[in-house]
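**Student:** Following this message is one structure expressed as structure tokens.
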Amino acid sequence: MQSSSAPADGNLRAVATGLLGLIDGEQGGVAGVAEEEEEEGVRGLFEADEEEGGSKKKRKLPTVVIVGRPNVGKSALFNRLSGRQAALVADIPGVTRDRLYTEVTSEDKDFVLVDTGGLFSESDFKNDLNPEVLRGKMTKQVGAALEEALALVFVVDGQEGVTLSDMEIAKWLRYNHSDKRIILSVNKCESTSIGDALSTDFWKLGFGEPHAVSAISATGIFELMESIQGAIEENEHKKKASKTAASEEKEYTKIAFVGRPNVGKSSMVNNILRSNRMIVNDASGTTTNSVDSYITIGESDYCFIDTAGLRKLASVQGTNDVIERLSVKQSLRSIRESDVTVLLLDAAMGPTKQDFRIAEECQKHGCACVIAINKWDIFPDNSYEDQLEYKEFLLESMRNISWAKVVFTSALENSSRKKVIRAVESCLSEYNKRLPTALLNSIVQEAVAWNSPPCSSTKAGKIYYCTQASVRPPSFVFFVNHPDLFDDQYTKYMENQLRKNAGYEGTPLRIYWRGKAN
């Protein structure tokens with residue numbers, strides 16, 4: 001089989017330059033040390049999760065990283081191996097930018113699979129994103145992922161054959177990661193008979209027998225999984241020798257950072273993690289996937305989720321950008337699955353209709369909520385009274401979550417890290433709060449004394465007693481004689497009385513009216 005044609009000289013120079021830059025960064029120097037320190041906060045936190053009582057538990061697992069040039073099917077293979085649509089997939093180079101993590105369970109050994117952006121991409125990114133800046137940042141993300149890896153899956157395109165980019169990446173992998181098992185996966189081999197022929201030419205890369213696979217049709221996936229399991233068993237003892245295995249389980253609280261595009265979500269997450277975990281760019285639309293980052297702060301364990309910006313529904317539906325539509329879908333799913341949402345607003349723009357709609361999603365799915373007024377540093381002369389006035393205007397504009405906790409932040413200032421974390425902890429405390437039944441009914445009796453239950457021409461409403469049914473969010477069941485009499489207005493009144501007497505700032509409340517017979 002003949003190799004595919006070589007890329008243009010300009011592309012080859014870009015490939016070589018990118019490789020040399022990454023090699024230099026890993027071999028030492030100030031840049032290498034800084035990068036290692038930035039990743040220290042999140043490294044080694046990739047563990048399997050188990051659902052129990054609404055919280056996530058984690059156990060330590062080995063890490064396997066998928067790597068290769070752009071548009072060879074890494075994300076499609078990532079989805080196939082993980083068994084779910086965890087990564088966005090489109091026939092466009094440069095869709096994956098941040099590295100993504102997911103757990104893969106099997107009959108033998110479970111492991112964490114990592115999807116990475118393409119190495120040294122010359123992709124034409126959408127809108128006004130700077131391809132040169134993004135390529136460098138994506139390359140750093142790949143390098144950080146490889147440092148965590150126990151084994152690598154090097155993905156190439158069987159239909160294109162061996163390219164000069166593949167050979168350069170193979171050389172770099174041998175030079176920098178010879179201590180790791182490298183599994184060569186020749187993707188886009190839909191036919192088993194033709195696949196073997198297509199993969200033959202890839203022996204020259206020097207990684208042993210190529211695995212002919214198809215992420216679309218699942219051809220060769222079983223054999224690839226067997227090789228990954230063998231690589232884990234082969235290299236696991238090296239990791240155990242250098243690190244003491246931590247067998248304890250942790251419960252992680254899920255915190256989703258949501259908002260319109262370009263309000264500073266990725267910058268805020270990076271600030272909290274004290275690491276350049278997310279790629280940040282001045283142009284909107286840089287983040288495409290929802291990215292999870294696990295970290296322990298004090299005695300609390302968190303999963304911070306950076307999400308793609310949410311534009312108006314009409315704007316998203318009217319675009320031909322498949323990536324944005326999939327990104328919005330993932331962002332909405334992150335809201336549904338989170339315990340706390342941090343809704344970021346641009347201080348200069350103030351609350352918009354789109355912010356109101358995003359807040360409705362948070363309220364609908366029962367998430368505790370922190371509203372972070374970001375970029376507040378553009379008003380250096382504002383006083384505490386100005387903040388109170390801004391907050392009053394904000395909550396008046398966003399009545400659907402007027403109960404939310406409000407903080408004023410700047411993603412560029414270290415003090416914002418403490419503000420956001422304290423606000424999240426406060427919301428979680430209220431989110432998990434349970435009132436004693438005696439105190440609860442005392443509040444209800446006082447509320448009824450001030451405002452009697454509604455009535456009709458033939459019947460009068462009566463509340464017998466109330467009990468708190470659950471937390472996360474706090475939910476209350478009122479046992480009454482005629483549930484149909486208790487309308488939204490009286491429900492809101494009772495909610496306000498509960499908040500006035502018992503707090504519950506930062507968390508939604510659920511109120512249910514039940515007939516005594518039920």
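Each chain of the structure tokens is named A, B, ... in the order shown, its residues numbered from 1; ligands are numbered from 1 in display order.
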List every residue of stretch 335-487 of chain A that DSSP, applied to the backbone of this structure, assigns to alpha helix (DSSP H), and report them as an MDAnalysis selection string.

**Tutor:** chainID A and resid 335:337 353:364 384:397 415:431 437:450

**Student:** Quick one: residues within 12 Å of A:Glu495, only C-alpha atoms counted, chain neighbours fewer than 5 positions away excluded, as number ranges by chain?

**Tutor:** A: 403, 440, 443-444, 447, 474-478, 488-490, 500-505, 507-512

**Student:** Create the file for the chosen residues now, containing C-alpha atoms and written as a PDB file, in the first residue's frame.

**Tutor:**
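This went into again-v1.pdb:
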```
ATOM      1  CA  TRP A 403     -33.675  33.218  46.465  1.00  0.00           C
ATOM      2  CA  LEU A 440     -41.767  23.615  60.966  1.00  0.00           C
ATOM      3  CA  ILE A 443     -43.749  28.447  61.400  1.00  0.00           C
ATOM      4  CA  VAL A 444     -46.803  27.196  59.493  1.00  0.00           C
ATOM      5  CA  ALA A 447     -48.119  31.958  58.732  1.00  0.00           C
ATOM      6  CA  PRO A 474     -35.816  20.808  50.674  1.00  0.00           C
ATOM      7  CA  SER A 475     -39.341  19.538  49.987  1.00  0.00           C
ATOM      8  CA  PHE A 476     -42.375  20.047  52.224  1.00  0.00           C
ATOM      9  CA  VAL A 477     -45.708  18.219  52.220  1.00  0.00           C
ATOM     10  CA  PHE A 478     -48.733  20.068  53.631  1.00  0.00           C
ATOM     11  CA  ASP A 488     -49.836  29.287  43.362  1.00  0.00           C
ATOM     12  CA  GLN A 489     -50.271  32.550  45.215  1.00  0.00           C
ATOM     13  CA  TYR A 490     -50.701  30.858  48.598  1.00  0.00           C
ATOM     14  CA  LYS A 500     -38.190  34.423  56.295  1.00  0.00           C
ATOM     15  CA  ASN A 501     -38.148  32.212  59.401  1.00  0.00           C
ATOM     16  CA  ALA A 502     -35.751  29.401  58.436  1.00  0.00           C
ATOM     17  CA  GLY A 503     -33.354  30.867  55.842  1.00  0.00           C
ATOM     18  CA  TYR A 504     -32.886  28.610  52.803  1.00  0.00           C
ATOM     19  CA  GLU A 505     -30.900  31.222  50.852  1.00  0.00           C
ATOM     20  CA  THR A 507     -31.749  26.726  47.371  1.00  0.00           C
ATOM     21  CA  PRO A 508     -35.144  26.190  45.751  1.00  0.00           C
ATOM     22  CA  LEU A 509     -38.017  24.884  47.866  1.00  0.00           C
ATOM     23  CA  ARG A 510     -40.634  22.357  46.823  1.00  0.00           C
ATOM     24  CA  ILE A 511     -44.132  22.575  48.363  1.00  0.00           C
ATOM     25  CA  TYR A 512     -46.824  19.924  47.868  1.00  0.00           C
TER      26      TYR A 512
END
```

**Student:** By how many Å are atom CA of A:Phe304 and atom CA of A:Leu332 apart?

**Tutor:**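 Going from atom CA of A:Phe304 over to atom CA of A:Leu332, I get 15.0 Å.
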
**Student:** Report as a PyMOL selection string all protein, DNA and RNA residues lying within 6 Å of stretch 166-182 of chain A, evaluated on only C-alpha atoms, omitting residues in the same chain fewer than 4 positions from it.

**Tutor:** chain A and resi 151-153

**Student:** Store the residues picked out above, limited to N, CA and C atoms, as a short mmCIF file (atom, residue, chain, number, x, y, z; two decimals), in the first residue's frame.

**Tutor:**
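And here is the file that came out, selection.cif:
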```cif
data_model
loop_
_atom_site.label_atom_id
_atom_site.label_comp_id
_atom_site.auth_asym_id
_atom_site.auth_seq_id
_atom_site.Cartn_x
_atom_site.Cartn_y
_atom_site.Cartn_z
N ALA A 151 -1.28 4.11 29.92
CA ALA A 151 -1.13 3.57 28.57
C ALA A 151 -1.72 4.57 27.59
N LEU A 152 -1.29 4.49 26.30
CA LEU A 152 -1.75 5.40 25.27
C LEU A 152 -2.38 4.61 24.13
N VAL A 153 -3.42 5.16 23.54
CA VAL A 153 -3.99 4.64 22.30
C VAL A 153 -3.71 5.68 21.22
#
```

**Student:** Could you check which of A:Ile216, A:Lys74, A:Lys329, A:Gln85 is closest to A:Val155, using only C-alpha atoms?

**Tutor:** A:Lys74

**Student:** Within 7 Å of stretch 259-261 of chain A, counting only C-alpha atoms, which residues show up once you throw out same-chain ones fewer than 3 positions away? Write them as a list in words, please.

**Tutor:**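 What passes the distance filter is Ser284, Gly285, Gly309, Leu310, Arg311, Leu343, Leu344, Leu345, Asp355 and Ile358 of chain A.
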
**Student:** Can you measure atom CA of A:Pro453 to atom CA of A:Leu395 for me? One decimal in Å is fine.

**Tutor:** 27.7 Å

**Student:** With only C-alpha atoms as the counted atoms, please give the residues lying no more than 12 Å from A:Met349, apart from itself and same-chain residues fewer than 3 positions off, as JSON, numbers by chain.

**Tutor:** {"A": [260, 262, 263, 344, 345, 346, 352, 353, 354, 355, 373, 374, 375, 376, 378, 390, 394]}

**Student:** Write out, as a PDB file, in the first residue's frame, the residues just selected, with N, CA and C atoms.

**Tutor:**
```pdb
ATOM      1  N   ARG A 260     -24.183  32.652  29.650  1.00  0.00           N
ATOM      2  CA  ARG A 260     -24.071  32.981  28.240  1.00  0.00           C
ATOM      3  C   ARG A 260     -22.612  32.846  27.787  1.00  0.00           C
ATOM      4  N   ASN A 262     -18.874  33.654  26.779  1.00  0.00           N
ATOM      5  CA  ASN A 262     -17.869  34.689  27.043  1.00  0.00           C
ATOM      6  C   ASN A 262     -18.161  35.535  28.285  1.00  0.00           C
ATOM      7  N   VAL A 263     -18.723  34.911  29.331  1.00  0.00           N
ATOM      8  CA  VAL A 263     -18.914  35.623  30.595  1.00  0.00           C
ATOM      9  C   VAL A 263     -17.830  35.239  31.607  1.00  0.00           C
ATOM     10  N   LEU A 344     -23.003  32.635  35.925  1.00  0.00           N
ATOM     11  CA  LEU A 344     -22.152  33.812  35.765  1.00  0.00           C
ATOM     12  C   LEU A 344     -22.817  34.835  34.867  1.00  0.00           C
ATOM     13  N   LEU A 345     -22.810  36.090  35.320  1.00  0.00           N
ATOM     14  CA  LEU A 345     -23.348  37.221  34.563  1.00  0.00           C
ATOM     15  C   LEU A 345     -22.237  38.227  34.319  1.00  0.00           C
ATOM     16  N   ASP A 346     -22.317  38.912  33.205  1.00  0.00           N
ATOM     17  CA  ASP A 346     -21.365  39.975  32.884  1.00  0.00           C
ATOM     18  C   ASP A 346     -21.816  41.244  33.601  1.00  0.00           C
ATOM     19  N   THR A 352     -29.833  39.644  31.466  1.00  0.00           N
ATOM     20  CA  THR A 352     -30.529  39.680  30.176  1.00  0.00           C
ATOM     21  C   THR A 352     -31.647  38.637  30.170  1.00  0.00           C
ATOM     22  N   LYS A 353     -32.446  38.644  29.116  1.00  0.00           N
ATOM     23  CA  LYS A 353     -33.514  37.643  28.991  1.00  0.00           C
ATOM     24  C   LYS A 353     -32.935  36.237  28.940  1.00  0.00           C
ATOM     25  N   GLN A 354     -31.770  36.081  28.305  1.00  0.00           N
ATOM     26  CA  GLN A 354     -31.161  34.751  28.231  1.00  0.00           C
ATOM     27  C   GLN A 354     -30.701  34.285  29.610  1.00  0.00           C
ATOM     28  N   ASP A 355     -30.176  35.201  30.436  1.00  0.00           N
ATOM     29  CA  ASP A 355     -29.819  34.841  31.814  1.00  0.00           C
ATOM     30  C   ASP A 355     -31.062  34.367  32.568  1.00  0.00           C
ATOM     31  N   ILE A 373     -21.680  37.720  39.798  1.00  0.00           N
ATOM     32  CA  ILE A 373     -21.566  38.907  38.939  1.00  0.00           C
ATOM     33  C   ILE A 373     -20.092  39.052  38.590  1.00  0.00           C
ATOM     34  N   ASN A 374     -19.712  38.529  37.432  1.00  0.00           N
ATOM     35  CA  ASN A 374     -18.305  38.473  37.050  1.00  0.00           C
ATOM     36  C   ASN A 374     -17.863  39.766  36.361  1.00  0.00           C
ATOM     37  N   LYS A 375     -16.546  39.970  36.310  1.00  0.00           N
ATOM     38  CA  LYS A 375     -15.920  41.165  35.711  1.00  0.00           C
ATOM     39  C   LYS A 375     -16.282  42.430  36.491  1.00  0.00           C
ATOM     40  N   TRP A 376     -16.509  42.269  37.800  1.00  0.00           N
ATOM     41  CA  TRP A 376     -16.853  43.416  38.638  1.00  0.00           C
ATOM     42  C   TRP A 376     -15.681  44.377  38.768  1.00  0.00           C
ATOM     43  N   ILE A 378     -14.184  45.892  36.589  1.00  0.00           N
ATOM     44  CA  ILE A 378     -14.225  47.018  35.645  1.00  0.00           C
ATOM     45  C   ILE A 378     -14.868  48.243  36.294  1.00  0.00           C
ATOM     46  N   TYR A 390     -27.071  47.109  43.126  1.00  0.00           N
ATOM     47  CA  TYR A 390     -26.988  46.234  41.948  1.00  0.00           C
ATOM     48  C   TYR A 390     -27.681  44.907  42.247  1.00  0.00           C
ATOM     49  N   LEU A 394     -30.831  43.244  40.397  1.00  0.00           N
ATOM     50  CA  LEU A 394     -30.658  41.928  39.793  1.00  0.00           C
ATOM     51  C   LEU A 394     -31.774  40.968  40.211  1.00  0.00           C
TER      52      LEU A 394
END
```

**Student:** Set the distance at 10 Å and use only C-alpha atoms: which residues neighbour A:Asn451 once local chain neighbours fewer than 5 positions away are removed? I'd like the list as a PDB file with N, CA and C atoms, in the first residue's frame.

**Tutor:**
```
ATOM      1  N   GLN A 445     -48.089  27.518  61.551  1.00  0.00           N
ATOM      2  CA  GLN A 445     -49.199  28.073  62.343  1.00  0.00           C
ATOM      3  C   GLN A 445     -49.149  29.595  62.370  1.00  0.00           C
ATOM      4  N   GLU A 446     -47.963  30.143  62.514  1.00  0.00           N
ATOM      5  CA  GLU A 446     -47.829  31.598  62.518  1.00  0.00           C
ATOM      6  C   GLU A 446     -48.206  32.185  61.158  1.00  0.00           C
ATOM      7  N   TYR A 490     -50.869  31.256  47.202  1.00  0.00           N
ATOM      8  CA  TYR A 490     -50.701  30.858  48.598  1.00  0.00           C
ATOM      9  C   TYR A 490     -49.441  29.990  48.770  1.00  0.00           C
ATOM     10  N   TYR A 493     -46.692  32.401  49.059  1.00  0.00           N
ATOM     11  CA  TYR A 493     -46.739  33.015  50.392  1.00  0.00           C
ATOM     12  C   TYR A 493     -46.112  32.092  51.438  1.00  0.00           C
ATOM     13  N   MET A 494     -46.458  30.818  51.396  1.00  0.00           N
ATOM     14  CA  MET A 494     -45.909  29.879  52.383  1.00  0.00           C
ATOM     15  C   MET A 494     -44.406  29.694  52.188  1.00  0.00           C
TER      16      MET A 494
END
```
